[in-house]
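Shown next: final.cif, containing mmCIF, C-alpha atoms.
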```
data_my_file
#
loop_
_atom_site.group_PDB
_atom_site.id
_atom_site.type_symbol
_atom_site.label_atom_id
_atom_site.label_comp_id
_atom_site.auth_asym_id
_atom_site.auth_seq_id
_atom_site.Cartn_x
_atom_site.Cartn_y
_atom_site.Cartn_z
ATOM 1 C CA MET D 1 -10.173 9.486 -53.797
ATOM 2 C CA THR D 2 -13.269 7.290 -54.247
ATOM 3 C CA TYR D 3 -15.419 5.973 -51.454
ATOM 4 C CA SER D 4 -14.118 2.400 -51.831
ATOM 5 C CA GLN D 5 -10.470 3.558 -51.741
ATOM 6 C CA ASN D 6 -11.154 5.658 -48.640
ATOM 7 C CA PHE D 7 -12.955 2.735 -47.003
ATOM 8 C CA ARG D 8 -10.093 0.292 -47.780
ATOM 9 C CA ARG D 9 -7.577 2.773 -46.362
ATOM 10 C CA LYS D 10 -9.476 3.260 -43.080
ATOM 11 C CA LEU D 11 -10.555 -0.365 -42.561
ATOM 12 C CA PRO D 12 -7.209 -1.614 -41.132
ATOM 13 C CA LEU D 13 -7.028 1.398 -38.809
ATOM 14 C CA SER D 14 -10.601 0.834 -37.586
ATOM 15 C CA ALA D 15 -9.953 -2.884 -37.072
ATOM 16 C CA LEU D 16 -6.774 -2.109 -35.094
ATOM 17 C CA LEU D 17 -8.645 0.397 -32.903
ATOM 18 C CA PHE D 18 -11.433 -2.134 -32.292
ATOM 19 C CA LEU D 19 -8.925 -4.848 -31.286
ATOM 20 C CA CYS D 20 -7.169 -2.435 -28.933
ATOM 21 C CA LEU D 21 -10.452 -1.560 -27.251
ATOM 22 C CA ILE D 22 -11.282 -5.228 -26.779
ATOM 23 C CA ALA D 23 -7.808 -5.963 -25.396
ATOM 24 C CA LEU D 24 -8.072 -3.085 -22.922
ATOM 25 C CA GLY D 25 -11.591 -4.026 -21.883
ATOM 26 C CA CYS D 26 -13.108 -0.739 -23.023
ATOM 27 C CA ALA D 27 -15.301 -2.056 -25.828
ATOM 28 C CA PHE D 28 -17.982 -3.588 -23.647
ATOM 29 C CA PRO D 29 -19.564 -2.526 -20.352
ATOM 30 C CA SER D 30 -18.221 -4.336 -17.293
ATOM 31 C CA SER D 31 -20.093 -7.302 -15.949
ATOM 32 C CA LYS D 32 -21.833 -7.366 -12.565
ATOM 33 C CA LYS D 33 -19.088 -9.636 -11.254
ATOM 34 C CA GLN D 34 -16.455 -6.926 -11.805
ATOM 35 C CA SER D 35 -18.548 -4.169 -10.226
ATOM 36 C CA SER D 36 -18.417 -5.888 -6.836
ATOM 37 C CA ALA D 37 -14.590 -5.791 -6.838
ATOM 38 C CA VAL D 38 -12.703 -3.532 -4.451
ATOM 39 C CA ILE D 39 -11.929 -0.172 -5.999
ATOM 40 C CA GLU D 40 -8.263 0.651 -5.558
ATOM 41 C CA GLU D 41 -6.204 3.801 -5.976
ATOM 42 C CA ALA D 42 -2.524 4.256 -6.713
ATOM 43 C CA TYR D 43 -0.673 6.469 -4.236
ATOM 44 C CA ILE D 44 2.626 7.916 -5.432
ATOM 45 C CA ASP D 45 4.729 9.900 -2.980
ATOM 46 C CA LEU D 46 7.669 11.479 -4.781
ATOM 47 C CA LYS D 47 8.832 13.358 -1.679
ATOM 48 C CA ARG D 48 9.167 10.198 0.409
ATOM 49 C CA GLY D 49 10.149 7.997 -2.543
ATOM 50 C CA PHE D 50 7.511 5.255 -2.636
ATOM 51 C CA SER D 51 4.275 4.150 -4.266
ATOM 52 C CA LEU D 52 1.550 1.650 -3.422
ATOM 53 C CA VAL D 53 -2.015 0.690 -4.277
ATOM 54 C CA ILE D 54 -4.663 1.036 -1.571
ATOM 55 C CA PRO D 55 -8.422 0.397 -1.399
ATOM 56 C CA ALA D 56 -10.337 3.594 -2.180
ATOM 57 C CA ILE D 57 -12.416 3.106 0.983
ATOM 58 C CA TRP D 58 -9.338 3.676 3.174
ATOM 59 C CA THR D 59 -9.059 7.295 4.322
ATOM 60 C CA ARG D 60 -5.761 9.143 4.402
ATOM 61 C CA LYS D 61 -5.261 10.585 7.857
ATOM 62 C CA ARG D 62 -3.910 14.119 7.922
ATOM 63 C CA ILE D 63 -2.044 14.935 11.122
ATOM 64 C CA PRO D 64 -1.613 18.680 11.758
ATOM 65 C CA VAL D 65 1.906 20.040 12.096
ATOM 66 C CA SER D 66 1.014 21.264 15.597
ATOM 67 C CA SER D 67 0.179 17.718 16.771
ATOM 68 C CA PRO D 68 2.769 15.808 18.833
ATOM 69 C CA ARG D 69 2.029 12.818 16.540
ATOM 70 C CA TYR D 70 3.086 14.765 13.432
ATOM 71 C CA SER D 71 5.988 13.314 11.483
ATOM 72 C CA PRO D 72 6.957 14.870 8.151
ATOM 73 C CA ASN D 73 8.105 11.505 6.786
ATOM 74 C CA THR D 74 5.001 9.494 7.627
ATOM 75 C CA VAL D 75 1.799 8.829 5.699
ATOM 76 C CA GLU D 76 -1.107 7.096 7.417
ATOM 77 C CA TRP D 77 -4.454 5.696 6.322
ATOM 78 C CA LEU D 78 -7.448 4.641 8.394
ATOM 79 C CA ILE D 79 -8.474 1.147 7.377
ATOM 80 C CA ASN D 80 -12.219 1.298 6.845
ATOM 81 C CA SER D 81 -14.717 -1.265 5.661
ATOM 82 C CA THR D 82 -18.306 -0.271 5.072
ATOM 83 C CA ASN D 83 -17.916 2.939 7.113
ATOM 84 C CA LYS D 84 -16.445 1.136 10.096
ATOM 85 C CA TYR D 85 -12.969 1.786 11.518
ATOM 86 C CA GLU D 86 -10.779 -1.329 11.453
ATOM 87 C CA GLY D 87 -7.246 -0.049 12.079
ATOM 88 C CA THR D 88 -4.377 1.937 10.564
ATOM 89 C CA PHE D 89 -1.863 1.455 7.766
ATOM 90 C CA GLN D 90 1.257 3.593 8.003
ATOM 91 C CA ILE D 91 4.376 4.129 5.916
ATOM 92 C CA SER D 92 7.343 5.883 7.537
ATOM 93 C CA VAL D 93 10.568 6.808 5.828
ATOM 94 C CA LYS D 94 13.615 7.170 8.067
ATOM 95 C CA SER D 95 17.230 7.849 7.367
ATOM 96 C CA THR D 96 19.216 4.688 7.851
ATOM 97 C CA ILE D 97 20.023 4.562 11.558
ATOM 98 C CA PRO D 98 21.221 1.285 13.047
ATOM 99 C CA LEU D 99 18.387 -1.222 13.269
ATOM 100 C CA GLN D 100 18.936 -1.841 17.003
ATOM 101 C CA GLN D 101 18.567 1.885 17.671
ATOM 102 C CA TYR D 102 15.290 1.990 15.724
ATOM 103 C CA LEU D 103 13.931 -1.070 17.542
ATOM 104 C CA SER D 104 14.817 0.418 20.933
ATOM 105 C CA ASN D 105 12.940 3.595 19.929
ATOM 106 C CA LEU D 106 9.837 1.452 19.405
ATOM 107 C CA GLU D 107 9.773 0.700 23.121
ATOM 108 C CA ASN D 108 8.466 4.239 23.601
ATOM 109 C CA GLU D 109 5.420 3.077 21.636
ATOM 110 C CA HIS D 110 5.157 0.026 23.933
ATOM 111 C CA LEU D 111 6.386 -2.355 21.232
ATOM 112 C CA ARG D 112 9.145 -4.530 22.598
ATOM 113 C CA ILE D 113 10.641 -6.372 19.674
ATOM 114 C CA THR D 114 14.093 -7.595 18.805
ATOM 115 C CA GLU D 115 15.747 -8.480 15.523
ATOM 116 C CA GLU D 116 15.676 -12.147 16.555
ATOM 117 C CA MET D 117 11.863 -12.010 16.631
ATOM 118 C CA SER D 118 11.770 -11.014 12.962
ATOM 119 C CA GLU D 119 11.332 -13.132 9.912
ATOM 120 C CA ASP D 120 13.352 -12.509 6.743
ATOM 121 C CA MET D 121 11.170 -11.968 3.718
ATOM 122 C CA ILE D 122 11.632 -11.196 0.063
ATOM 123 C CA HIS D 123 9.420 -8.212 -0.700
ATOM 124 C CA PRO D 124 8.940 -6.859 -4.257
ATOM 125 C CA ALA D 125 10.836 -3.727 -3.089
ATOM 126 C CA GLY D 126 13.774 -5.789 -1.792
ATOM 127 C CA PRO D 127 14.895 -7.817 1.238
ATOM 128 C CA ALA D 128 12.927 -7.025 4.365
ATOM 129 C CA LEU D 129 12.381 -7.973 7.993
ATOM 130 C CA ARG D 130 8.834 -8.730 9.153
ATOM 131 C CA TRP D 131 7.295 -8.944 12.614
ATOM 132 C CA GLU D 132 3.758 -10.060 13.420
ATOM 133 C CA LEU D 133 2.483 -9.388 16.912
ATOM 134 C CA GLU D 134 -0.880 -9.974 18.506
ATOM 135 C CA ASP D 135 -2.269 -8.664 21.750
ATOM 136 C CA LYS D 136 -5.752 -8.662 23.259
ATOM 137 C CA GLN D 137 -7.016 -5.832 21.064
ATOM 138 C CA GLU D 138 -5.096 -5.774 17.805
ATOM 139 C CA ASN D 139 -2.790 -7.504 15.370
ATOM 140 C CA ILE D 140 0.344 -5.601 14.399
ATOM 141 C CA ILE D 141 2.460 -6.145 11.305
ATOM 142 C CA LEU D 142 5.774 -4.326 11.106
ATOM 143 C CA ILE D 143 7.915 -4.541 7.967
ATOM 144 C CA ILE D 144 11.262 -2.824 7.497
ATOM 145 C CA ILE D 145 12.590 -2.534 3.956
ATOM 146 C CA GLU D 146 16.103 -1.196 3.603
ATOM 147 C CA GLY D 147 16.556 1.167 0.680
ATOM 148 C CA SER D 148 19.917 2.455 -0.513
ATOM 149 C CA GLU D 149 19.565 5.718 1.417
ATOM 150 C CA ARG D 150 16.465 5.309 3.541
ATOM 151 C CA ARG D 151 14.609 2.745 5.606
ATOM 152 C CA HIS D 152 10.930 2.268 4.704
ATOM 153 C CA ILE D 153 8.758 1.054 7.541
ATOM 154 C CA ILE D 154 5.279 -0.340 7.032
ATOM 155 C CA THR D 155 3.184 -0.567 10.188
ATOM 156 C CA VAL D 156 -0.287 -2.096 10.173
ATOM 157 C CA ARG D 157 -2.558 -2.164 13.213
ATOM 158 C CA VAL D 158 -5.873 -3.991 12.834
ATOM 159 C CA THR D 159 -8.491 -4.925 15.407
ATOM 160 C CA ASN D 160 -8.410 -8.640 16.237
ATOM 161 C CA MET D 161 -12.089 -8.988 15.498
ATOM 162 C CA ASN D 162 -11.703 -8.219 11.776
ATOM 163 C CA TYR D 163 -8.116 -9.230 11.062
ATOM 164 C CA ASP D 164 -9.012 -12.441 9.231
ATOM 165 C CA GLN D 165 -11.387 -10.591 6.876
ATOM 166 C CA LEU D 166 -8.832 -7.882 6.075
ATOM 167 C CA HIS D 167 -5.711 -10.056 5.898
ATOM 168 C CA LYS D 168 -5.782 -10.607 2.097
ATOM 169 C CA THR D 169 -6.371 -6.917 1.380
ATOM 170 C CA ILE D 170 -3.580 -5.858 3.737
ATOM 171 C CA GLU D 171 -1.134 -8.319 2.156
ATOM 172 C CA ARG D 172 -2.065 -7.067 -1.320
ATOM 173 C CA VAL D 173 -1.352 -3.462 -0.240
ATOM 174 C CA ILE D 174 1.943 -4.463 1.418
ATOM 175 C CA ASN D 175 3.042 -6.306 -1.738
ATOM 176 C CA SER D 176 2.143 -3.325 -3.935
ATOM 177 C CA PHE D 177 4.646 -1.109 -2.066
ATOM 178 C CA LEU D 178 7.566 -0.023 -4.262
ATOM 179 C CA ILE D 179 10.558 2.218 -3.618
ATOM 180 C CA LEU D 180 10.828 4.830 -6.357
ATOM 181 C CA PRO D 181 14.202 5.435 -8.014
ATOM 182 C CA ASN D 182 15.959 8.627 -6.939
#
```
Give the structure from this file in structure tokens form.
Amino acid sequence: MTYSQNFRRKLPLSALLFLCLIALGCAFPSSKKQSSAVIEEAYIDLKRGFSLVIPAIWTRKRIPVSSPRYSPNTVEWLINSTNKYEGTFQISVKSTIPLQQYLSNLENEHLRITEEMSEDMIHPAGPALRWELEDKQENIILIIIEGSERRHIITVRVTNMNYDQLHKTIERVINSFLILPN
């Protein structure tokens, strides 16, 4: 095979590879504008059946089994921004107990809410109920998404002082939540 035949054979393949790199954004170094973006990580929990995308700066909180706060079906992150604690983001997976029973259990955590206080919402994972509460110290968002076999509960607690700054990020994380197929 001559050089020109070899070159003609490899040219379409090289052009295709070059176009793929451009399309995927790998051909050129990122601009300064992109480097200031929030770095995010995908979290996939096969055991609890969900996935979401969170900012890399948030720290996953590990609660020891010996702690009274330990729950095998709960994952929690500390919401941080520039090394400063802002609140918590928690996902709990419960077997489907009646909603009223779950809401009455929340009273032990000093959250007195009723179904009538909720707002129906269409979440990417399916129909959901959403509560937003505010007290003197923090804003609380509670979202309950009913799965076919389990109830997924998203609880966000953020200090009042920084809620407005974090609101967009929190909503982006909430909307990234997906229930994995069994």
Practice item. Neighbourhood query: residues within 10 Å of (19.5, 0.3, 3.1), file coordinates, counting only C-alpha atoms; return as a PyMOL selection string. Key: chain D and resi 95-97+126-128+144-152
Review point. Evaluating the PyMOL selection byres ((chain D and resi 116) around 12) on the displayed file yields which residues, as a list in words?
Key: Leu99, Gln100, Leu103, Arg112, Ile113, Thr114, Glu115, Met117, Ser118, Glu119, Asp120, Leu129, Arg130 and Trp131 of chain D
Check which residues of stretch 153-182 of chain D sit at most 6 Å from stretch 47-68 of chain D using only C-alpha atoms, and return one row each with the closest pair of atoms and their distance in Å to one decimal, ordered by chain and rising number, as JSON lines.
```
{"residue": "D:Val173", "atom": "CA", "partner": "D:Ile54", "partner_atom": "CA", "distance": 5.7}
{"residue": "D:Ser176", "atom": "CA", "partner": "D:Leu52", "partner_atom": "CA", "distance": 5.0}
{"residue": "D:Phe177", "atom": "CA", "partner": "D:Leu52", "partner_atom": "CA", "distance": 4.4}
{"residue": "D:Leu178", "atom": "CA", "partner": "D:Ser51", "partner_atom": "CA", "distance": 5.3}
{"residue": "D:Ile179", "atom": "CA", "partner": "D:Phe50", "partner_atom": "CA", "distance": 4.4}
{"residue": "D:Leu180", "atom": "CA", "partner": "D:Phe50", "partner_atom": "CA", "distance": 5.0}
```
Selection file, C-alpha atoms, as a PDB file, in the coordinates of the input:
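Output (part-v4.pdb):
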```
ATOM      1  CA  VAL D 173      -1.352  -3.462  -0.240  1.00  0.00           C
ATOM      2  CA  SER D 176       2.143  -3.325  -3.935  1.00  0.00           C
ATOM      3  CA  PHE D 177       4.646  -1.109  -2.066  1.00  0.00           C
ATOM      4  CA  LEU D 178       7.566  -0.023  -4.262  1.00  0.00           C
ATOM      5  CA  ILE D 179      10.558   2.218  -3.618  1.00  0.00           C
ATOM      6  CA  LEU D 180      10.828   4.830  -6.357  1.00  0.00           C
TER       7      LEU D 180
END
```
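We find atom CA of D:Asn80 and atom CA of D:Thr155 to be spaced 15.9 Å apart.
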**Study point:** Coordinates-based distance that separates atom CA of D:Lys136 from atom CA of D:Ile122 (Å, one decimal)
**Key:** 29.1 Å
Review point. If you measure from atom CA of D:Glu86 to atom CA of D:Leu46, what distance in Å do you get, rounded to one decimal?
Key: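 Going from atom CA of D:Glu86 over to atom CA of D:Leu46, I get 27.7 Å.
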Check your understanding: Exactly which residues make up the result of the PyMOL selection byres ((chain D and resi 167) around 12) on this file, given as a PyMOL selection string?
Key -> chain D and resi 79+86-87+139-141+156-166+168-174
Exercise for review: Mind listing whatever residues come within 6 Å of the point (-4.6, 4.7, 9.6)? Use only C-alpha atoms, file coordinates, and give them as an MDAnalysis selection string.
Suggested key: chainID D and resid 76:79 87:89
**Study point:** Near-D:Ser92 list (6 Å; all atoms listed in the file; drop same-chain fewer than 6 positions) as a PyMOL selection string
**Key:** chain D and resi 73-74+152-153
